[in-house]
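Structure below is start_30.pdb: PDB, C-alpha atoms.
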```
ATOM      1  CA  MET A 191      66.919  69.004-261.057
ATOM      2  CA  ARG A 192      67.179  72.684-261.907
ATOM      3  CA  TRP A 193      68.168  75.016-259.102
ATOM      4  CA  GLN A 194      68.469  78.705-259.780
ATOM      5  CA  GLY A 195      72.048  79.912-259.401
ATOM      6  CA  GLN A 196      73.443  76.472-258.696
ATOM      7  CA  THR A 197      77.166  75.786-258.864
ATOM      8  CA  LEU A 198      78.349  72.335-259.895
ATOM      9  CA  ASP A 199      81.404  70.432-258.710
ATOM     10  CA  ALA A 200      81.926  72.791-255.798
ATOM     11  CA  GLU A 201      85.323  72.569-254.141
ATOM     12  CA  ASP A 202      84.906  71.121-250.665
ATOM     13  CA  GLY A 203      87.990  68.980-250.162
ATOM     14  CA  ALA A 204      85.873  65.936-249.355
ATOM     15  CA  LEU A 205      85.484  64.116-252.646
ATOM     16  CA  PRO A 206      88.035  61.316-252.095
ATOM     17  CA  GLY A 207      85.929  59.838-249.306
ATOM     18  CA  LEU A 208      82.729  60.249-251.293
ATOM     19  CA  GLU A 209      84.002  58.234-254.244
ATOM     20  CA  ARG A 210      83.221  55.086-252.284
ATOM     21  CA  ALA A 211      79.568  56.165-252.105
ATOM     22  CA  GLY A 212      79.019  56.447-255.887
ATOM     23  CA  PHE A 213      79.781  60.169-256.197
ATOM     24  CA  VAL A 214      78.330  61.964-259.224
ATOM     25  CA  ARG A 215      78.648  65.714-258.571
ATOM     26  CA  SER A 216      78.555  68.434-255.923
ATOM     27  CA  VAL A 217      75.976  71.225-255.980
ATOM     28  CA  GLN A 218      75.705  74.568-254.205
ATOM     29  CA  THR A 219      72.755  76.951-254.475
ATOM     30  CA  PRO A 220      71.881  80.351-252.944
ATOM     31  CA  GLU A 221      68.742  78.800-251.459
ATOM     32  CA  PHE A 222      70.977  76.758-249.120
ATOM     33  CA  GLU A 223      73.782  79.153-248.300
ATOM     34  CA  GLY A 224      76.800  77.442-246.797
ATOM     35  CA  ILE A 225      75.632  73.928-247.664
ATOM     36  CA  THR A 226      77.073  71.653-250.341
ATOM     37  CA  PHE A 227      75.053  68.730-251.657
ATOM     38  CA  HIS A 228      76.992  65.734-252.916
ATOM     39  CA  GLU A 229      74.807  63.714-255.265
ATOM     40  CA  VAL A 230      75.557  59.990-255.325
ATOM     41  CA  LEU A 231      74.122  56.903-256.980
ATOM     42  CA  CYS A 232      73.498  54.198-254.403
ATOM     43  CA  LYS A 233      73.698  50.505-255.228
ATOM     44  CA  SER A 234      71.224  49.544-252.521
ATOM     45  CA  ALA A 235      68.406  51.390-250.771
ATOM     46  CA  LEU A 236      67.554  48.841-248.094
ATOM     47  CA  ASN A 237      69.995  48.425-245.196
ATOM     48  CA  LYS A 238      69.668  45.184-243.244
ATOM     49  CA  LEU A 239      70.379  45.238-239.536
ATOM     50  CA  PRO A 240      72.612  42.570-238.060
ATOM     51  CA  GLU A 241      71.103  39.629-236.257
ATOM     52  CA  GLY A 242      70.561  40.263-232.586
ATOM     53  CA  SER A 243      69.975  44.010-232.900
ATOM     54  CA  GLY A 244      67.041  43.705-230.518
ATOM     55  CA  LEU A 245      64.844  46.035-232.572
ATOM     56  CA  SER A 246      61.338  45.508-233.878
ATOM     57  CA  PHE A 247      62.413  45.803-237.512
ATOM     58  CA  LYS A 248      65.272  44.525-239.661
ATOM     59  CA  TRP A 249      65.459  47.072-242.474
ATOM     60  CA  THR A 250      66.125  50.802-242.819
ATOM     61  CA  ILE A 251      66.338  53.393-245.573
ATOM     62  CA  ASN A 252      68.536  56.510-245.336
ATOM     63  CA  PRO A 253      67.974  58.791-248.353
ATOM     64  CA  MET A 254      70.686  61.221-247.183
ATOM     65  CA  ARG A 255      73.778  61.293-245.025
ATOM     66  CA  GLY A 256      74.576  64.366-242.970
ATOM     67  CA  CYS A 257      71.812  66.660-241.797
ATOM     68  CA  SER A 258      71.210  70.396-242.033
ATOM     69  CA  HIS A 259      69.169  70.230-238.821
ATOM     70  CA  ALA A 260      72.605  70.686-237.193
ATOM     71  CA  CYS A 261      71.512  69.287-233.817
ATOM     72  CA  ARG A 262      74.501  69.540-231.498
ATOM     73  CA  TYR A 263      73.626  66.267-229.769
ATOM     74  CA  CYS A 264      72.952  64.126-232.878
ATOM     75  CA  PHE A 265      74.315  60.614-232.455
ATOM     76  CA  ALA A 266      74.782  60.131-236.207
ATOM     77  CA  ARG A 267      77.644  62.603-236.524
ATOM     78  CA  THR A 268      80.255  59.852-236.363
ATOM     79  CA  THR A 269      78.922  58.272-239.567
ATOM     80  CA  HIS A 270      80.284  61.190-241.599
ATOM     81  CA  GLU A 271      83.799  60.206-240.637
ATOM     82  CA  TYR A 272      83.416  57.050-242.735
ATOM     83  CA  LEU A 273      83.366  59.339-245.777
ATOM     84  CA  ASP A 274      86.483  61.277-244.735
ATOM     85  CA  LEU A 275      84.262  64.151-243.578
ATOM     86  CA  ASP A 276      84.314  65.559-240.064
ATOM     87  CA  ALA A 277      81.564  64.962-237.546
ATOM     88  CA  GLY A 278      81.079  68.636-236.701
ATOM     89  CA  ARG A 279      80.636  71.345-239.294
ATOM     90  CA  ASP A 280      80.868  68.943-242.249
ATOM     91  CA  PHE A 281      77.992  66.861-240.905
ATOM     92  CA  ASP A 282      75.816  69.989-240.887
ATOM     93  CA  THR A 283      76.883  71.382-244.259
ATOM     94  CA  GLN A 284      78.134  68.536-246.487
ATOM     95  CA  ILE A 285      74.971  66.583-247.287
ATOM     96  CA  VAL A 286      75.166  63.351-249.285
ATOM     97  CA  VAL A 287      72.012  62.797-251.359
ATOM     98  CA  LYS A 288      71.159  59.421-252.884
ATOM     99  CA  THR A 289      69.367  60.716-255.939
ATOM    100  CA  ASN A 290      68.372  57.285-257.275
ATOM    101  CA  VAL A 291      67.240  55.822-253.953
ATOM    102  CA  ALA A 292      63.544  55.497-254.880
ATOM    103  CA  ALA A 293      64.245  53.674-258.155
ATOM    104  CA  VAL A 294      66.686  51.286-256.482
ATOM    105  CA  LEU A 295      64.225  50.674-253.647
ATOM    106  CA  ARG A 296      61.420  49.807-256.051
ATOM    107  CA  LYS A 297      63.585  47.119-257.675
ATOM    108  CA  GLU A 298      64.577  45.687-254.302
ATOM    109  CA  LEU A 299      60.986  45.519-253.068
ATOM    110  CA  HIS A 300      59.912  43.604-256.185
ATOM    111  CA  ARG A 301      62.371  40.787-255.652
ATOM    112  CA  ARG A 302      60.724  37.449-255.026
ATOM    113  CA  SER A 303      62.824  37.105-251.880
ATOM    114  CA  TRP A 304      61.345  40.237-250.269
ATOM    115  CA  ARG A 305      59.222  39.241-247.250
ATOM    116  CA  HIS A 306      57.471  42.569-246.696
ATOM    117  CA  GLU A 307      59.087  43.179-243.320
ATOM    118  CA  THR A 308      58.807  46.577-241.652
ATOM    119  CA  VAL A 309      61.176  49.268-242.957
ATOM    120  CA  ALA A 310      62.193  52.255-240.817
ATOM    121  CA  LEU A 311      63.089  55.758-242.026
ATOM    122  CA  GLY A 312      64.636  58.531-239.964
ATOM    123  CA  THR A 313      66.930  56.127-238.173
ATOM    124  CA  ASN A 314      70.190  57.879-239.005
ATOM    125  CA  THR A 315      69.518  61.317-240.455
ATOM    126  CA  ASP A 316      66.179  62.992-241.047
ATOM    127  CA  PRO A 317      64.525  62.151-244.389
ATOM    128  CA  TYR A 318      62.548  65.404-244.133
ATOM    129  CA  GLN A 319      65.426  67.804-243.634
ATOM    130  CA  ARG A 320      65.274  70.933-245.800
ATOM    131  CA  ALA A 321      66.900  69.393-248.882
ATOM    132  CA  GLU A 322      63.948  67.037-249.288
ATOM    133  CA  GLY A 323      61.944  70.027-250.462
ATOM    134  CA  ARG A 324      64.205  70.181-253.509
ATOM    135  CA  TYR A 325      65.147  66.583-254.166
ATOM    136  CA  ARG A 326      61.707  65.117-253.410
ATOM    137  CA  LEU A 327      63.004  61.645-252.627
ATOM    138  CA  MET A 328      60.317  60.691-250.113
ATOM    139  CA  PRO A 329      57.270  60.586-252.436
ATOM    140  CA  GLY A 330      59.046  57.989-254.555
ATOM    141  CA  ILE A 331      60.114  56.033-251.497
ATOM    142  CA  ILE A 332      56.621  56.069-249.994
ATOM    143  CA  GLY A 333      55.169  55.109-253.362
ATOM    144  CA  ALA A 334      57.501  52.129-253.710
ATOM    145  CA  LEU A 335      56.718  50.924-250.187
ATOM    146  CA  THR A 336      52.977  51.339-250.776
ATOM    147  CA  ASP A 337      52.936  49.577-254.128
ATOM    148  CA  SER A 338      54.746  46.592-252.624
ATOM    149  CA  GLY A 339      52.527  46.461-249.539
ATOM    150  CA  THR A 340      55.479  46.997-247.194
ATOM    151  CA  PRO A 341      54.824  48.359-243.679
ATOM    152  CA  PHE A 342      57.056  51.229-242.618
ATOM    153  CA  SER A 343      57.744  53.827-239.952
ATOM    154  CA  ILE A 344      59.016  57.414-240.155
ATOM    155  CA  LEU A 345      60.721  59.421-237.431
ATOM    156  CA  THR A 346      61.265  63.112-238.169
ATOM    157  CA  LYS A 347      61.667  66.665-236.943
ATOM    158  CA  GLY A 348      60.764  67.924-240.405
ATOM    159  CA  THR A 349      57.379  69.544-240.906
ATOM    160  CA  LEU A 350      57.799  68.908-244.633
ATOM    161  CA  LEU A 351      56.225  65.533-243.894
ATOM    162  CA  ARG A 352      52.850  67.302-244.131
ATOM    163  CA  ARG A 353      53.397  67.590-247.891
ATOM    164  CA  ASP A 354      53.251  63.805-248.138
ATOM    165  CA  LEU A 355      50.279  63.290-245.826
ATOM    166  CA  PRO A 356      47.953  62.210-248.690
ATOM    167  CA  LEU A 357      50.526  59.589-249.706
ATOM    168  CA  LEU A 358      50.840  58.376-246.117
ATOM    169  CA  ILE A 359      47.072  58.067-245.750
ATOM    170  CA  GLN A 360      46.985  56.007-248.925
ATOM    171  CA  ALA A 361      49.893  53.856-247.728
ATOM    172  CA  ALA A 362      48.147  53.169-244.413
ATOM    173  CA  ARG A 363      45.257  51.605-246.307
ATOM    174  CA  VAL A 364      47.649  49.008-247.707
ATOM    175  CA  ALA A 365      49.999  48.247-244.801
ATOM    176  CA  PRO A 366      50.752  49.538-241.282
ATOM    177  CA  VAL A 367      52.354  52.999-241.176
ATOM    178  CA  SER A 368      53.887  54.330-237.943
ATOM    179  CA  LEU A 369      54.704  58.027-237.539
ATOM    180  CA  ALA A 370      56.807  59.636-234.830
ATOM    181  CA  VAL A 371      57.857  63.257-234.316
ATOM    182  CA  SER A 372      60.872  64.333-232.272
ATOM    183  CA  ILE A 373      60.283  67.298-229.923
ATOM    184  CA  ALA A 374      62.856  67.627-227.156
ATOM    185  CA  ILE A 375      62.936  71.381-226.496
ATOM    186  CA  LEU A 376      60.300  74.098-226.097
ATOM    187  CA  ASP A 377      62.484  77.038-225.041
ATOM    188  CA  PRO A 378      63.109  79.206-228.156
ATOM    189  CA  ASP A 379      66.622  80.278-227.196
ATOM    190  CA  LEU A 380      67.750  76.767-226.347
ATOM    191  CA  HIS A 381      66.151  75.483-229.524
ATOM    192  CA  ARG A 382      68.093  77.964-231.639
ATOM    193  CA  GLY A 383      71.328  77.020-229.907
ATOM    194  CA  LEU A 384      71.000  73.244-230.034
ATOM    195  CA  GLU A 385      68.772  72.589-233.074
ATOM    196  CA  PRO A 386      69.363  75.625-235.294
ATOM    197  CA  GLY A 387      68.310  74.006-238.568
ATOM    198  CA  THR A 388      65.089  72.402-237.374
ATOM    199  CA  PRO A 389      61.511  73.668-237.591
ATOM    200  CA  SER A 390      60.347  75.398-234.437
ATOM    201  CA  PRO A 391      58.863  73.334-231.607
ATOM    202  CA  ARG A 392      55.508  75.003-232.253
ATOM    203  CA  ALA A 393      55.614  73.940-235.900
ATOM    204  CA  ARG A 394      56.336  70.358-234.877
ATOM    205  CA  LEU A 395      53.457  70.377-232.400
ATOM    206  CA  ASP A 396      51.242  71.550-235.249
ATOM    207  CA  LEU A 397      52.570  68.618-237.287
ATOM    208  CA  VAL A 398      51.519  66.217-234.529
ATOM    209  CA  ARG A 399      48.045  67.733-234.586
ATOM    210  CA  ALA A 400      47.802  67.438-238.392
ATOM    211  CA  LEU A 401      48.862  63.788-238.344
ATOM    212  CA  THR A 402      46.492  63.018-235.473
ATOM    213  CA  ASP A 403      43.613  64.700-237.261
ATOM    214  CA  ALA A 404      44.418  62.553-240.307
ATOM    215  CA  GLY A 405      43.854  59.430-238.211
ATOM    216  CA  PHE A 406      47.375  58.446-237.180
ATOM    217  CA  ALA A 407      48.305  57.486-233.619
ATOM    218  CA  VAL A 408      51.391  59.673-233.332
ATOM    219  CA  SER A 409      54.317  59.001-231.045
ATOM    220  CA  VAL A 410      56.496  61.853-229.821
ATOM    221  CA  LEU A 411      60.088  61.402-228.801
ATOM    222  CA  VAL A 412      61.145  63.715-226.007
ATOM    223  CA  ALA A 413      64.684  62.736-226.748
ATOM    224  CA  PRO A 414      67.179  63.562-225.758
ATOM    225  CA  VAL A 415      66.362  65.001-222.376
ATOM    226  CA  ILE A 416      69.393  67.235-221.818
ATOM    227  CA  PRO A 417      70.663  67.114-218.245
ATOM    228  CA  TYR A 418      70.353  70.397-216.319
ATOM    229  CA  LEU A 419      68.965  72.181-219.393
ATOM    230  CA  THR A 420      65.628  70.490-220.178
ATOM    231  CA  ASP A 421      65.014  68.159-217.246
ATOM    232  CA  ALA A 422      63.421  70.522-214.709
ATOM    233  CA  SER A 423      59.932  69.581-213.528
ATOM    234  CA  ALA A 424      58.382  72.775-214.900
ATOM    235  CA  GLN A 425      60.043  72.297-218.289
ATOM    236  CA  LEU A 426      58.916  68.698-218.665
ATOM    237  CA  GLU A 427      55.408  69.521-217.449
ATOM    238  CA  GLU A 428      55.066  72.303-220.017
ATOM    239  CA  LEU A 429      56.388  70.109-222.823
ATOM    240  CA  PHE A 430      54.243  67.086-221.998
ATOM    241  CA  ALA A 431      51.138  69.248-221.650
ATOM    242  CA  ALA A 432      51.775  70.786-225.081
ATOM    243  CA  ILE A 433      52.310  67.356-226.643
ATOM    244  CA  ALA A 434      49.094  66.049-225.111
ATOM    245  CA  ALA A 435      47.198  69.104-226.346
ATOM    246  CA  ALA A 436      48.507  68.378-229.857
ATOM    247  CA  GLY A 437      46.850  64.954-229.715
ATOM    248  CA  ALA A 438      49.846  62.637-229.430
ATOM    249  CA  ALA A 439      49.137  59.094-228.300
ATOM    250  CA  ASN A 440      52.473  58.213-226.784
ATOM    251  CA  VAL A 441      55.718  59.761-225.556
ATOM    252  CA  VAL A 442      59.144  58.148-225.231
ATOM    253  CA  ALA A 443      61.754  60.062-223.234
ATOM    254  CA  PHE A 444      65.337  59.259-222.304
ATOM    255  CA  PRO A 445      68.526  61.146-221.434
ATOM    256  CA  MET A 446      71.113  62.405-223.895
ATOM    257  CA  HIS A 447      73.938  60.093-224.911
ATOM    258  CA  LEU A 448      77.284  61.548-225.999
ATOM    259  CA  ARG A 449      79.000  58.900-228.078
ATOM    260  CA  GLY A 450      82.091  59.276-230.224
ATOM    261  CA  SER A 451      82.655  62.638-231.872
ATOM    262  CA  THR A 452      79.264  63.899-230.733
ATOM    263  CA  ARG A 453      80.636  64.242-227.210
ATOM    264  CA  GLY A 454      83.283  66.798-228.158
ATOM    265  CA  TRP A 455      80.944  68.719-230.471
ATOM    266  CA  PHE A 456      78.300  69.069-227.759
ATOM    267  CA  LEU A 457      80.725  69.873-224.942
ATOM    268  CA  GLU A 458      82.325  72.588-227.065
ATOM    269  CA  TRP A 459      78.908  74.249-227.287
ATOM    270  CA  LEU A 460      78.317  73.725-223.571
ATOM    271  CA  ALA A 461      81.666  75.311-222.656
ATOM    272  CA  THR A 462      80.737  78.410-224.652
ATOM    273  CA  HIS A 463      77.142  78.849-223.545
ATOM    274  CA  HIS A 464      76.909  77.112-220.146
ATOM    275  CA  PRO A 465      80.457  76.782-218.806
ATOM    276  CA  ALA A 466      79.237  76.367-215.244
ATOM    277  CA  LEU A 467      77.750  73.003-216.216
ATOM    278  CA  LEU A 468      80.982  71.438-217.466
ATOM    279  CA  ARG A 469      81.988  70.067-214.075
ATOM    280  CA  ARG A 470      78.552  68.556-213.531
ATOM    281  CA  TYR A 471      78.677  66.922-216.973
ATOM    282  CA  ARG A 472      82.054  65.380-216.207
ATOM    283  CA  GLN A 473      80.572  63.917-213.053
ATOM    284  CA  LEU A 474      77.435  62.726-214.812
ATOM    285  CA  TYR A 475      79.075  61.174-217.885
ATOM    286  CA  GLY A 476      82.578  60.458-216.615
ATOM    287  CA  ARG A 477      84.667  59.353-219.592
ATOM    288  CA  GLY A 478      81.800  57.499-221.251
ATOM    289  CA  ALA A 479      78.793  58.187-223.424
ATOM    290  CA  TYR A 480      76.012  57.526-220.934
ATOM    291  CA  VAL A 481      74.624  59.191-217.847
ATOM    292  CA  THR A 482      74.910  57.396-214.540
ATOM    293  CA  PRO A 483      72.281  54.751-213.679
ATOM    294  CA  GLU A 484      71.192  56.986-210.826
ATOM    295  CA  TYR A 485      70.346  59.835-213.188
ATOM    296  CA  SER A 486      68.438  57.498-215.530
ATOM    297  CA  ALA A 487      66.376  56.203-212.633
ATOM    298  CA  TRP A 488      65.774  59.735-211.370
ATOM    299  CA  LEU A 489      64.564  60.836-214.808
ATOM    300  CA  ARG A 490      62.218  57.859-215.127
ATOM    301  CA  GLY A 491      60.732  58.757-211.787
ATOM    302  CA  ARG A 492      60.074  62.279-213.023
ATOM    303  CA  VAL A 493      58.709  61.273-216.441
ATOM    304  CA  GLU A 494      56.402  58.372-215.620
ATOM    305  CA  PRO A 495      53.905  60.426-213.572
ATOM    306  CA  LEU A 496      53.748  62.954-216.401
ATOM    307  CA  LEU A 497      52.954  60.225-218.913
ATOM    308  CA  ALA A 498      50.090  59.015-216.748
ATOM    309  CA  ARG A 499      48.805  62.504-215.944
ATOM    310  CA  HIS A 500      48.658  63.565-219.596
ATOM    311  CA  GLY A 501      47.511  60.235-221.042
ATOM    312  CA  LEU A 502      50.692  59.802-223.057
ATOM    313  CA  ASN A 503      51.390  56.196-222.138
ATOM    314  CA  ARG A 504      49.227  54.347-224.634
ATOM    315  CA  ASP A 505      50.691  50.950-225.474
ATOM    316  CA  LEU A 506      51.986  51.708-228.944
ATOM    317  CA  ARG A 507      54.982  50.057-230.463
ATOM    318  CA  VAL A 508      57.511  52.860-231.079
ATOM    319  CA  ASP A 509      60.294  51.837-233.412
ATOM    320  CA  ALA A 510      63.636  52.532-231.867
ATOM    321  CA  ALA A 511      66.040  53.535-234.568
ATOM    322  CA  PRO A 512      68.898  51.278-235.575
ATOM    323  CA  PRO A 513      72.473  52.101-236.345
ATOM    324  CA  GLU A 514      73.742  52.937-239.790
ATOM    325  CA  HIS A 515      74.939  49.754-241.516
ATOM    326  CA  GLU A 516      75.034  50.700-245.153
ATOM    327  CA  ASP A 517      78.274  50.087-247.016
ATOM    328  CA  ARG A 518      79.007  47.484-244.286
ATOM    329  CA  LEU A 519      80.333  50.205-242.023
ATOM    330  CA  PRO A 520      79.906  50.052-238.241
ATOM    331  CA  GLY A 521      77.382  52.480-236.823
ATOM    332  CA  PRO A 522      76.174  54.058-233.609
ATOM    333  CA  ASP A 523      74.539  52.234-230.764
ATOM    334  CA  PRO A 524      70.895  51.368-231.613
ATOM    335  CA  GLN A 525      69.747  52.966-228.332
ATOM    336  CA  LEU A 526      70.956  56.348-229.528
ATOM    337  CA  ALA A 527      69.168  56.554-232.809
ATOM    338  CA  LEU A 528      65.728  57.471-231.557
ATOM    339  CA  PHE A 529      66.714  61.124-231.629
ATOM    340  CA  ALA A 530      68.407  61.182-235.000
TER
END
```
Starting from the file, give its structure as C-alpha cells.
Amino acid sequence: MRWQGQTLDAEDGALPGLERAGFVRSVQTPEFEGITFHEVLCKSALNKLPEGSGLSFKWTINPMRGCSHACRYCFARTTHEYLDLDAGRDFDTQIVVKTNVAAVLRKELHRRSWRHETVALGTNTDPYQRAEGRYRLMPGIIGALTDSGTPFSILTKGTLLRRDLPLLIQAARVAPVSLAVSIAILDPDLHRGLEPGTPSPRARLDLVRALTDAGFAVSVLVAPVIPYLTDASAQLEELFAAIAAAGAANVVAFPMHLRGSTRGWFLEWLATHHPALLRRYRQLYGRGAYVTPEYSAWLRGRVEPLLARHGLNRDLRVDAAPPEHEDRLPGPDPQLALFA
C-alpha cells in the first residue's frame, strides 16, 4: 500500500497494547491529518457470539477497530481501552486496521465445519469509514462471503459502500444480503458537532436511494434518538419523511444509551454546547446507561405513528448488532450496537 507522504512507525505511545493484536507498523499520511493507522495481522476474521446473545446471527467481522467517524455517542468506544488506548480522542484517531482480514476470512469460510450462517458487518465500528477508501478491505471480504455462499448484513454510515454496489448485487444472487444505513440527525450544525467524521445526512439519504434503486430493501436506523436534541415531533417528522422519500423499507429507532466511557465523552460535549440540558440528563439517565422506562415508552408513542404514516414499518428482519468479542474480550451490550 503506497500512500504519498506516509510516515512509518509513528510515535503514538500506544504500541504496548497493540502488540496483543498482531501489530506490524503504524502509518500516518497527509491525506488523514491527525490520524494514525496501526496495521495488524489478525489470526481470525470471524468472531463468534456467545450462546444466548438473543440475536439473529452468530458471527461478525470487524475489519477495523476505532473509527474516524468520531461520533460522540458511539457505544464501541470502550473497546479501545482493551488495547491500552483511551475511549475518547484515541478512538477517533488511532485506527487499528486488520490488513489480512480478507485472506484469513477466505480460509475460515472454506473449512468443512463452516455452516454458512449469517455474518454481520458494522456491528462494532464502521467498515466503510474513510480508511476503507485506502485499504480496500471490503471488496475482499464481500468476495470471500460471496464465493462461499454465506449470507451477510452490513450496517454503515459510510457512503463509500456505493463503490461496492456491483459486488453486493452479485452477492445477493448467491445468498441473502441485508443492508442498513444509520441516519440519526438531519440538522447540519448538530451533525457536525456529534458526527464530525461522517458523510452528511443528505449523502446518506442518497445512499439509501441508490441501494433501493439497485433492488435492495434498505433499513434505516434512526439511532440513537438523542433526548431533547433530536426527539421533537417536527424533527422526527422531517427525518422520517426524508427517509421515506429516499425509498427505505423500514426504520428502527431507539433512544441513546450512554454506557461505560461513552457517557463521560458525550456529557463533556453536552456541558460545552448545551449546558442547560445537563440537569435533565442526570434526571433521565440517573447513574446508569439507559433512559427511564417512561421516556422509552414516550418515544415509542411518538415514533410508531410516524412509521405507519410514512410506510416505514415493513416487516423486515433488521440485524441488531452484537458486542465485540474478538480476542475473547468482553464487549458492549448487544442492544447498543445498532448505532455503531
Inset, instruction - Given the file shown, determine the residues that the PyMOL selection byres ((chain A and resi 300) around 12) selects; report them as a list in words. - result: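 Taken on the displayed file, the PyMOL selection byres ((chain A and resi 300) around 12) yields the residues Ala293, Val294, Leu295, Arg296, Lys297, Glu298, Leu299, Arg301, Arg302, Ser303, Trp304, Arg305, His306, Ala334, Leu335, Thr336, Asp337, Ser338, Gly339 and Thr340 of chain A.
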Legend entry - Result set, the PyMOL selection byres ((chain A and resi 410) around 12) on current file, as number ranges by chain: A: 344-347, 368-375, 391, 394-395, 397-399, 401-402, 407-409, 411-414, 429-430, 432-434, 436-444, 497, 502-504, 506-510, 528-529
Inset, instruction - Name the residues within 10 Å of (61.9, 52.9, -241.2), counting only C-alpha atoms in the file's coordinates, and put them as a list in words. - result: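 Neighbouring residues, ordered by chain and number, come to Leu236, Phe247, Lys248, Trp249, Thr250, Ile251, Asn252, Thr308, Val309, Ala310, Leu311, Gly312, Thr313, Asn314, Pro341, Phe342, Ser343, Ile344, Leu345, Val367, Ser368, Leu369, Asp509, Ala510, Ala511 and Pro512 of chain A.
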Legend entry - All residues 9 Å or closer to stretch 450-461 of chain A, all atoms listed in the file, same chain fewer than 5 positions away omitted, as a list in words: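 Non-adjacent residues within range: Arg262, Tyr263, Cys264, Phe265, Ala266, Arg267, Thr268, Asp276, Ala277, Gly278, Gly383, Leu384, Ala466, Leu467, Leu468, Tyr471, Ala479 and Pro522 of chain A.
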Inset, instruction - May I ask for the distance between atom CA of A:Glu428 and atom CA of A:Thr462, given in Å to one decimal place? - result: 26.8 Å
Some atoms are missing, so please complete stretch 375-381 of chain A with all heavy atoms and return it as an mmCIF file, keeping the file's coordinate frame.
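Writing done, so here's selection_18.cif:
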```cif
data_model
loop_
_atom_site.group_PDB
_atom_site.id
_atom_site.type_symbol
_atom_site.label_atom_id
_atom_site.label_comp_id
_atom_site.auth_asym_id
_atom_site.auth_seq_id
_atom_site.Cartn_x
_atom_site.Cartn_y
_atom_site.Cartn_z
ATOM 1 N N ILE A 375 62.696 70.064 -227.089
ATOM 2 C CA ILE A 375 62.936 71.381 -226.496
ATOM 3 C C ILE A 375 61.785 72.308 -226.835
ATOM 4 O O ILE A 375 61.359 72.382 -227.994
ATOM 5 C CB ILE A 375 64.262 71.986 -227.037
ATOM 6 C CG1 ILE A 375 65.447 71.064 -226.726
ATOM 7 C CG2 ILE A 375 64.507 73.371 -226.461
ATOM 8 C CD1 ILE A 375 66.718 71.457 -227.456
ATOM 9 N N LEU A 376 61.293 73.053 -225.845
ATOM 10 C CA LEU A 376 60.300 74.098 -226.097
ATOM 11 C C LEU A 376 60.907 75.498 -226.056
ATOM 12 O O LEU A 376 60.469 76.386 -226.787
ATOM 13 C CB LEU A 376 59.161 74.023 -225.075
ATOM 14 C CG LEU A 376 58.016 73.053 -225.338
ATOM 15 C CD1 LEU A 376 56.922 73.257 -224.281
ATOM 16 C CD2 LEU A 376 57.438 73.211 -226.731
ATOM 17 N N ASP A 377 61.895 75.713 -225.212
ATOM 18 C CA ASP A 377 62.484 77.038 -225.041
ATOM 19 C C ASP A 377 63.075 77.546 -226.355
ATOM 20 O O ASP A 377 63.948 76.897 -226.940
ATOM 21 C CB ASP A 377 63.581 76.974 -223.976
ATOM 22 C CG ASP A 377 64.243 78.314 -223.771
ATOM 23 O OD1 ASP A 377 63.673 79.158 -223.062
ATOM 24 O OD2 ASP A 377 65.338 78.527 -224.340
ATOM 25 N N PRO A 378 62.638 78.711 -226.849
ATOM 26 C CA PRO A 378 63.109 79.206 -228.156
ATOM 27 C C PRO A 378 64.611 79.444 -228.218
ATOM 28 O O PRO A 378 65.251 79.115 -229.226
ATOM 29 C CB PRO A 378 62.324 80.515 -228.337
ATOM 30 C CG PRO A 378 61.126 80.381 -227.458
ATOM 31 C CD PRO A 378 61.586 79.573 -226.285
ATOM 32 N N ASP A 379 65.188 80.004 -227.176
ATOM 33 C CA ASP A 379 66.622 80.278 -227.196
ATOM 34 C C ASP A 379 67.436 78.984 -227.199
ATOM 35 O O ASP A 379 68.412 78.853 -227.947
ATOM 36 C CB ASP A 379 67.022 81.138 -225.992
ATOM 37 C CG ASP A 379 66.455 82.547 -226.075
ATOM 38 O OD1 ASP A 379 66.209 83.019 -227.208
ATOM 39 O OD2 ASP A 379 66.246 83.169 -225.015
ATOM 40 N N LEU A 380 67.037 78.045 -226.384
ATOM 41 C CA LEU A 380 67.750 76.767 -226.347
ATOM 42 C C LEU A 380 67.570 76.019 -227.655
ATOM 43 O O LEU A 380 68.515 75.375 -228.145
ATOM 44 C CB LEU A 380 67.235 75.925 -225.173
ATOM 45 C CG LEU A 380 68.078 74.717 -224.775
ATOM 46 C CD1 LEU A 380 69.500 75.134 -224.424
ATOM 47 C CD2 LEU A 380 67.421 73.985 -223.617
ATOM 48 N N HIS A 381 66.393 76.107 -228.228
ATOM 49 C CA HIS A 381 66.151 75.483 -229.524
ATOM 50 C C HIS A 381 67.082 76.051 -230.588
ATOM 51 O O HIS A 381 67.694 75.311 -231.364
ATOM 52 C CB HIS A 381 64.691 75.688 -229.942
ATOM 53 C CG HIS A 381 64.423 75.393 -231.385
ATOM 54 N ND1 HIS A 381 64.216 76.395 -232.314
ATOM 55 C CD2 HIS A 381 64.368 74.236 -232.074
ATOM 56 C CE1 HIS A 381 64.019 75.853 -233.496
ATOM 57 N NE2 HIS A 381 64.101 74.553 -233.380
#
```
